[in-house]
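Asks: Structure in structure tokens, see below.
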Amino acid sequence: MKKNYYTLLSLSILTALYSSSSLANIDDLRQRCLAGVPQFSGETVQGDPNDQPVYIEADKANVINPSRAVYSGAVDFKQGTRHLQADEVEVTQSGDGDNAQRYAYVRGGFDYKDDLIKINGDNAKVHLNSKDTDIANGNYQLVGRQGRGTAETSEIREDYRLFKNATFTSCLPDDNAWQIDASEMKQHVQEEYAEMWHARFKVAGVPVFYTPYLQLPLGDRRRSGLLIPSAGSSSRDGYWYAQPIYWNIAPNYDATFTPKYMSHRGWQMNGEFRYLNALGEGKFAGEYLSKDRYNEYAGSDDDRKRHLFYWAHNAKLWDNWRLNVNYTKVSDKRYFSDFDSDYGSSTDGYATQNARLSYYQPNWNFAISVKQFQVFDEVEVGPYRALPQIDFNYYKNGLANGRADFKLFAQAVRFDNDSSSMPTAWRYHVEPSVNVPLSNRYGSLNIETKLYATHYQQKAGTGVDANTQSSVNRVLPQVKVDLQTVLASQKTLFKGYTQTIEPHVQYLYRPYKDQSNIGSKQNSSYLGLGYDSALLQQDYYSLFRDRRYSGLDRIASANQFTLGGTTRFYDKNSEERFNLSLGQIIYLNNSRIDDTTENSTTGRSSSWALESNWKLNDKWNWKGSYQYDTRLDATSLANSTLEYNPEGNNLVQLNYRYASKEYINQNLTSSVNRYNQDIQQVGAVVAWEVADNWAVVARYYHDVALNKPVEQYAGVQYNSCCWAVGVGIRRYLVNENSKRQYSGEKDTLYDHSIGITFELRGLGGNDHRSGIVKMLDKGMLPYIKSPEL
């Protein structure tokens, strides 16, 4: 298994890189498919067909009497949008005045075309007072979209087409990859779908499926019915098959039900309901497995139910009110490790459950929200929930004759926890600030003063938090001075480029206040500090932030200068081709939040932070970041991405990322560093449309510290105008808590999976994308496109 996998991975990469036809892309296939479809030229004629004149040109005309005429020899017949060419046409009329009925009888073969359909046949009867046409032994092709077939008899009406002993396929002429034969077929013109009775589905002329009734879409309108299934196998799920069923309830409501059978687990029922109404837009989704049989393979009697519930809602209520809901809940901590889901991932570490009701005015707004988390890692005490949280913001610009801007932020929030050992609290916070912006053509200077005024009303927990101080007040003033300027010059090291140098200097002062009496004294990776604070991750731009910690419970002292700057290079077309940013914080005093050294800075400077982007040319891009920890005299973070993107979705991307163990322990949760060592990973992504019909994707991520691959994936997809098939093979790390007997490895567990997708194309519009985007998105480490400069 392993040897064969690497063979396929290597073959996909080599094919992508060295194919001689790699310059052809999916746009060529789309144009080729559309070129094989008849198009309507001219203007669509509206109105009563009885009022539309008839134009006939022919080599010979024999007018027998005023109500009968026979035209022969290169007959060209036009009425409205209808155009008919034949060898012989007989036109008759019965009745007089408004009751007159006009018919055209076509014999000896003809070509018929209107704005919807093109037909070749033996004989036809055309009612000139309406759009009714009867045809014998016809070959038809839809106009403006894919779809063709044959019929023994055809009835063309204004609202429908009825074919007897008919065939249908979305393949272009001379391509018989698949076809449906039906004893009767009714194509509904306005609703854009076809009904078929006694339908037989054929592949390359061989019958493979029969159904007494079948519906197919003929356009872009949504239709209820079966969607294209998917299938595959994996080490955890066994062989699996998923069949989506779509229900078009109403123009603003629809639902998709997807029963999925897994040979190792059983039946999983998945569903999604989308809505759009006066109350807003949103989506309900659920996944349910009544009995997970796979636990039996692990020697466990724990065959509990597995389920997921998801709700997302966004609404504009009246003119100024907004409601937003994002709620995800799963049955157990291993759910996203065991199941692939569109509504969460094991790499997130938690599921968010929040709701927010907000009101907006030009100068102020407020919001009431609730927030909690479902944590997936094994922790004794989980994070706090905010039930409720009230936020208020007020803005007033142009004070003091336009020289100052005023801003006020206020908040009241109640923190609660599932554990009785943890303290609970109400926190009341007021944060007024005044900013004086000064600017001229040389640069800008912003002087800001701010006050943090916070009151805590705490209720003690048990254990080590039994003596939590019930009432705590904290008042902290802050002063920040920020100076920026832009210096431009055309005299650079590189001829033809304009260079800018953008120095950025900031001074920040905030006095020290001991905050150890706020929140719990227990140590947990998910508790953070206080009730909702945690050390923020660092990069170049974070050097200019006000605070080192998120939330409001930990506000560190500051007496520091931040020195940084950016240089940019522009070509003669004023397009940015390169930039480099470098900065560091100089501490005049150690930044601290309590009397311990654990949460205080040591030394006189922060880590060096560097960010850079380089657009080498229109096809090559590079971006990178780097941080050097001056305290440890070692690298703390490094990231690099090199991408080759010649056209469309074709790309080759090389990635490297590094995070030191010390940085992870200080800045992130303990679950991230479960192996207690540096994170050092290299990766490669290749996606290529190797020809009009073929696309391949390959991914490989390797953990250098563990000396083990993190994910390996190879996918190939074949696309034609009327069908597509894709195969993907994947091997990736499984959460160490999900140990199973199928793996012989003790420390690192892998899941091996293969997935197959099949699609009939041309039925619902003309989307012929290669599937590269979908294959790129499916991965533990998703593909991220390098940003344009």
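Ordered as shown in the structure tokens, chains take letters A, B, and onward, while each chain numbers its residues from 1 and ligands are numbered from 1 in the order shown.
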Compile the contact shell of Ala255 in chain A as a compact mmCIF listing (two decimals) with C-alpha atoms, in the first residue's frame: residues with an atom at most 9 Å away, counting only C-alpha atoms, same-chain residues fewer than 2 positions apart removed.
Replies:
# COMPACT_ATOMS: atom_id res chain seq x y z
CA ILE A 245 -30.84 14.11 -2.24
CA TYR A 246 -31.84 17.70 -3.06
CA TRP A 247 -35.25 19.18 -2.21
CA ASN A 248 -36.12 22.53 -3.80
CA ILE A 249 -38.78 23.50 -1.29
CA TYR A 253 -35.85 27.47 0.86
CA PHE A 257 -30.22 15.08 2.67
CA GLY A 271 -28.78 17.08 6.27
CA GLU A 272 -28.61 20.78 5.44
CA PHE A 273 -31.46 23.30 5.29
CA ARG A 274 -30.95 26.78 3.80
CA TYR A 275 -33.38 29.67 4.11
Asks: If we count only C-alpha atoms, what is near Trp622 in chain A at a cut-off of 6 Å, once residues fewer than 2 positions away on the same chain are taken out, given as JSON, numbers by chain?
Replies: {"A": [613, 614, 641, 642]}
Asks: How many Å lie between CA of Ala315 in chain A and CA of Asn354 in chain A, rounded to one decimal?
Replies: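 That distance, rounded to one decimal, is 14.6 Å.
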Asks: Need the shell around Ile501 in chain A: protein/DNA/RNA residues with any atom at most 8 Å away, counting only C-alpha atoms. Skip same-chain ones fewer than 4 positions apart. Format as a PyMOL selection string?
Replies: chain A and resi 486-488+565-568
Asks: I'd like the neighbourhood of Thr492 in chain A as a VMD selection string, where a residue qualifies if any of its atoms comes within 12 Å (using only C-alpha atoms), though same-chain residues fewer than 2 positions away should be ignored.
Replies: chain A and resid 488 to 490 494 to 501 567 to 571
Asks: If you run DSSP over the backbone, which residues in range 340-551 of chain A end up helix (DSSP H, G or I)? Put them as a ChimeraX atom specification.
Replies: /A:346-348,399-402,463-465,541-544
Asks: Please produce an output containing all heavy atoms for each residue in the selection, written as a compact mmCIF listing (two decimals), in the first residue's frame.
Replies:
# COMPACT_ATOMS: atom_id res chain seq x y z
N SER A 346 -10.66 19.13 13.38
CA SER A 346 -9.94 18.80 14.61
C SER A 346 -8.80 19.76 14.87
O SER A 346 -8.36 19.94 16.00
CB SER A 346 -9.41 17.36 14.55
OG SER A 346 -8.52 17.22 13.45
N THR A 347 -8.28 20.42 13.80
CA THR A 347 -7.18 21.35 13.98
C THR A 347 -7.63 22.64 14.66
O THR A 347 -6.80 23.39 15.17
CB THR A 347 -6.56 21.70 12.62
OG1 THR A 347 -7.57 22.25 11.76
CG2 THR A 347 -5.99 20.45 11.96
N ASP A 348 -8.94 22.92 14.70
CA ASP A 348 -9.43 24.12 15.37
C ASP A 348 -9.29 24.01 16.89
O ASP A 348 -9.07 25.01 17.56
CB ASP A 348 -10.89 24.39 15.01
CG ASP A 348 -11.06 24.72 13.54
OD1 ASP A 348 -10.08 25.17 12.92
OD2 ASP A 348 -12.15 24.51 13.02
N LEU A 399 -13.47 67.17 17.22
CA LEU A 399 -13.59 68.01 18.40
C LEU A 399 -12.44 69.02 18.43
O LEU A 399 -11.43 68.85 17.74
CB LEU A 399 -13.57 67.15 19.66
CG LEU A 399 -14.71 66.12 19.80
CD1 LEU A 399 -14.51 65.30 21.07
CD2 LEU A 399 -16.06 66.81 19.81
N ALA A 400 -12.56 70.03 19.26
CA ALA A 400 -11.53 71.06 19.44
C ALA A 400 -11.15 71.66 18.09
O ALA A 400 -9.98 71.62 17.68
CB ALA A 400 -10.30 70.49 20.16
N ASN A 401 -12.19 72.15 17.38
CA ASN A 401 -11.98 72.76 16.06
C ASN A 401 -11.36 71.78 15.07
O ASN A 401 -10.50 72.15 14.26
CB ASN A 401 -11.11 74.01 16.19
CG ASN A 401 -11.78 75.10 17.00
OD1 ASN A 401 -13.00 75.28 16.93
ND2 ASN A 401 -10.99 75.83 17.78
N GLY A 402 -11.80 70.55 15.14
CA GLY A 402 -11.35 69.54 14.19
C GLY A 402 -10.00 68.95 14.49
O GLY A 402 -9.45 68.23 13.64
N GLY A 463 -11.50 25.12 46.42
CA GLY A 463 -10.09 24.76 46.27
C GLY A 463 -9.20 25.98 46.38
O GLY A 463 -9.35 26.83 47.26
N VAL A 464 -8.26 26.10 45.44
CA VAL A 464 -7.26 27.16 45.51
C VAL A 464 -7.88 28.53 45.27
O VAL A 464 -7.26 29.57 45.58
CB VAL A 464 -6.14 26.92 44.47
CG1 VAL A 464 -5.39 25.65 44.79
CG2 VAL A 464 -6.72 26.88 43.06
N ASP A 465 -9.11 28.58 44.75
CA ASP A 465 -9.76 29.86 44.49
C ASP A 465 -10.79 30.22 45.56
O ASP A 465 -11.63 31.10 45.36
CB ASP A 465 -10.44 29.84 43.13
CG ASP A 465 -9.44 29.75 41.99
OD1 ASP A 465 -8.48 30.54 42.02
OD2 ASP A 465 -9.61 28.90 41.11
N TYR A 541 3.46 43.35 12.47
CA TYR A 541 2.39 44.32 12.69
C TYR A 541 1.93 44.33 14.13
O TYR A 541 1.44 45.35 14.63
CB TYR A 541 1.24 44.02 11.73
CG TYR A 541 1.67 44.06 10.28
CD1 TYR A 541 1.95 42.88 9.59
CD2 TYR A 541 1.84 45.27 9.62
CE1 TYR A 541 2.38 42.92 8.27
CE2 TYR A 541 2.28 45.31 8.30
CZ TYR A 541 2.54 44.13 7.64
OH TYR A 541 2.98 44.17 6.34
N SER A 542 2.07 43.21 14.85
CA SER A 542 1.66 43.18 16.26
C SER A 542 2.60 43.98 17.15
O SER A 542 2.25 44.28 18.30
CB SER A 542 1.60 41.73 16.74
OG SER A 542 2.89 41.17 16.83
N LEU A 543 3.77 44.35 16.65
CA LEU A 543 4.68 45.16 17.47
C LEU A 543 4.06 46.51 17.81
O LEU A 543 4.42 47.12 18.84
CB LEU A 543 6.01 45.38 16.71
CG LEU A 543 6.84 44.14 16.38
CD1 LEU A 543 8.07 44.55 15.58
CD2 LEU A 543 7.24 43.39 17.64
N PHE A 544 3.14 46.98 16.98
CA PHE A 544 2.55 48.29 17.19
C PHE A 544 1.18 48.21 17.86
O PHE A 544 0.46 49.21 17.92
CB PHE A 544 2.42 49.02 15.84
CG PHE A 544 3.74 49.25 15.17
CD1 PHE A 544 4.27 48.33 14.28
CD2 PHE A 544 4.49 50.39 15.45
CE1 PHE A 544 5.50 48.54 13.67
CE2 PHE A 544 5.72 50.61 14.84
CZ PHE A 544 6.23 49.68 13.96
Asks: Would you kindly return, as a list of chain:residue names, each protein, DNA or RNA residue with an atom no farther than 8 Å from any atom of Cys721 in chain A, considering only C-alpha atoms and excluding same-chain residues fewer than 4 positions away?
Replies: A:Leu29, A:Arg30, A:Cys33, A:Ser170, A:Cys171, A:Leu172, A:Arg761, A:Gly762, A:His768
Asks: Can you tell me which residues surround Thr153 in chain A at a distance of at most 7 Å, considering only C-alpha atoms, apart from same-chain residues fewer than 4 positions away, and format the answer as a list in words?
Replies: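 Listing them by chain and then by number gives Ile135, Ala136, Asn137, Gly138, Phe163 and Lys164 of chain A.
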Asks: Considering only C-alpha atoms, give me a table of residues in range 237-316 of chain A that are at most 9 Å from range 334-343 of chain A, with the closest atom pair and distance in Å for each, as CSV.
Replies:
residue,atom,partner,partner_atom,distance
A:Asp237,CA,A:Asp338,CA,8.6
A:Ala285,CA,A:Tyr343,CA,8.5
A:Glu287,CA,A:Ser341,CA,8.8
A:Arg306,CA,A:Tyr335,CA,7.3
A:His307,CA,A:Tyr335,CA,8.0
A:Leu308,CA,A:Tyr335,CA,8.3
A:Phe309,CA,A:Tyr343,CA,9.0
A:Tyr310,CA,A:Tyr343,CA,7.1
Asks: Write the residues of the preceding selection, restricted to N, CA, C and O atoms, as an mmCIF file, in the first residue's frame.
Replies:
data_model
loop_
_atom_site.group_PDB
_atom_site.id
_atom_site.type_symbol
_atom_site.label_atom_id
_atom_site.label_comp_id
_atom_site.auth_asym_id
_atom_site.auth_seq_id
_atom_site.Cartn_x
_atom_site.Cartn_y
_atom_site.Cartn_z
ATOM 1 N N ASP A 237 -13.223 4.407 8.195
ATOM 2 C CA ASP A 237 -14.623 4.253 7.818
ATOM 3 C C ASP A 237 -14.901 2.988 7.040
ATOM 4 O O ASP A 237 -16.050 2.565 6.936
ATOM 5 N N ALA A 285 -27.742 22.602 9.849
ATOM 6 C CA ALA A 285 -27.122 21.369 9.374
ATOM 7 C C ALA A 285 -27.012 20.392 10.536
ATOM 8 O O ALA A 285 -26.869 20.794 11.705
ATOM 9 N N GLU A 287 -25.631 16.094 11.496
ATOM 10 C CA GLU A 287 -25.045 14.796 11.150
ATOM 11 C C GLU A 287 -25.336 13.853 12.305
ATOM 12 O O GLU A 287 -25.143 14.216 13.479
ATOM 13 N N ARG A 306 -23.237 9.326 17.741
ATOM 14 C CA ARG A 306 -22.351 10.410 17.312
ATOM 15 C C ARG A 306 -23.191 11.404 16.509
ATOM 16 O O ARG A 306 -23.901 11.013 15.588
ATOM 17 N N HIS A 307 -23.079 12.670 16.839
ATOM 18 C CA HIS A 307 -23.916 13.633 16.135
ATOM 19 C C HIS A 307 -23.280 15.015 16.139
ATOM 20 O O HIS A 307 -22.386 15.331 16.937
ATOM 21 N N LEU A 308 -23.766 15.852 15.217
ATOM 22 C CA LEU A 308 -23.338 17.245 15.079
ATOM 23 C C LEU A 308 -24.566 18.090 14.778
ATOM 24 O O LEU A 308 -25.472 17.676 14.048
ATOM 25 N N PHE A 309 -24.569 19.310 15.351
ATOM 26 C CA PHE A 309 -25.604 20.293 15.031
ATOM 27 C C PHE A 309 -24.925 21.615 14.711
ATOM 28 O O PHE A 309 -24.002 22.042 15.413
ATOM 29 N N TYR A 310 -25.370 22.275 13.645
ATOM 30 C CA TYR A 310 -24.773 23.532 13.206
ATOM 31 C C TYR A 310 -25.879 24.497 12.804
ATOM 32 O O TYR A 310 -26.846 24.109 12.136
#
Asks: Counting only C-alpha atoms, give me one row per residue of range 187-255 of chain A with an atom at most 12 Å from an atom of range 112-120 of chain A, showing the shortest contact pair and its distance in Å to one decimal, sorted by chain then residue number, as a Markdown table.
Replies:
| residue | atom | partner | partner_atom | distance |
| --- | --- | --- | --- | --- |
| A:Gln187 | CA | A:Ile117 | CA | 11.2 |
| A:His188 | CA | A:Leu116 | CA | 11.6 |
| A:Val189 | CA | A:Leu116 | CA | 8.5 |
| A:Gln190 | CA | A:Leu116 | CA | 10.8 |
| A:Glu192 | CA | A:Leu116 | CA | 11.2 |
| A:Leu218 | CA | A:Leu116 | CA | 11.6 |
| A:Gly219 | CA | A:Leu116 | CA | 11.8 |
Asks: Would you export the selected residues with N, CA, C and O atoms as a compact mmCIF listing (two decimals), in the first residue's frame, please?
Replies:
# COMPACT_ATOMS: atom_id res chain seq x y z
N GLN A 187 -39.80 17.50 -22.00
CA GLN A 187 -38.90 18.58 -21.60
C GLN A 187 -39.72 19.84 -21.36
O GLN A 187 -40.38 20.35 -22.25
N HIS A 188 -39.67 20.32 -20.10
CA HIS A 188 -40.42 21.52 -19.71
C HIS A 188 -39.55 22.74 -19.97
O HIS A 188 -38.47 22.90 -19.38
N VAL A 189 -40.03 23.63 -20.82
CA VAL A 189 -39.21 24.75 -21.30
C VAL A 189 -38.99 25.79 -20.22
O VAL A 189 -37.85 26.18 -19.93
N GLN A 190 -40.05 26.26 -19.59
CA GLN A 190 -39.91 27.32 -18.59
C GLN A 190 -39.23 26.83 -17.32
O GLN A 190 -38.38 27.51 -16.74
N GLU A 192 -37.21 24.27 -17.05
CA GLU A 192 -35.87 23.80 -17.40
C GLU A 192 -35.55 22.44 -16.75
O GLU A 192 -34.56 22.27 -16.07
N LEU A 218 -32.23 20.76 -17.09
CA LEU A 218 -31.80 21.20 -18.42
C LEU A 218 -31.30 22.64 -18.41
O LEU A 218 -31.00 23.20 -19.46
N GLY A 219 -31.20 23.23 -17.24
CA GLY A 219 -30.75 24.61 -17.13
C GLY A 219 -30.22 24.89 -15.75
O GLY A 219 -29.83 23.98 -15.02
Asks: To one decimal place in Å, what is the distance between CA of Ser263 in chain A and CA of Lys305 in chain A?
Replies: 16.4 Å
Asks: Do you have the CA of Arg82 in chain A-CA of Lys131 in chain A distance handy?
Replies: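 That distance, rounded to one decimal, is 8.7 Å.
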Asks: Considering only strand (DSSP E) as DSSP defines it on the backbone, what residues of range 171-258 of chain A qualify? List them as a PyMOL selection string.
Replies: chain A and resi 178-188+193-203+206-217+225-226+230-234+238-242+245-250+253-258
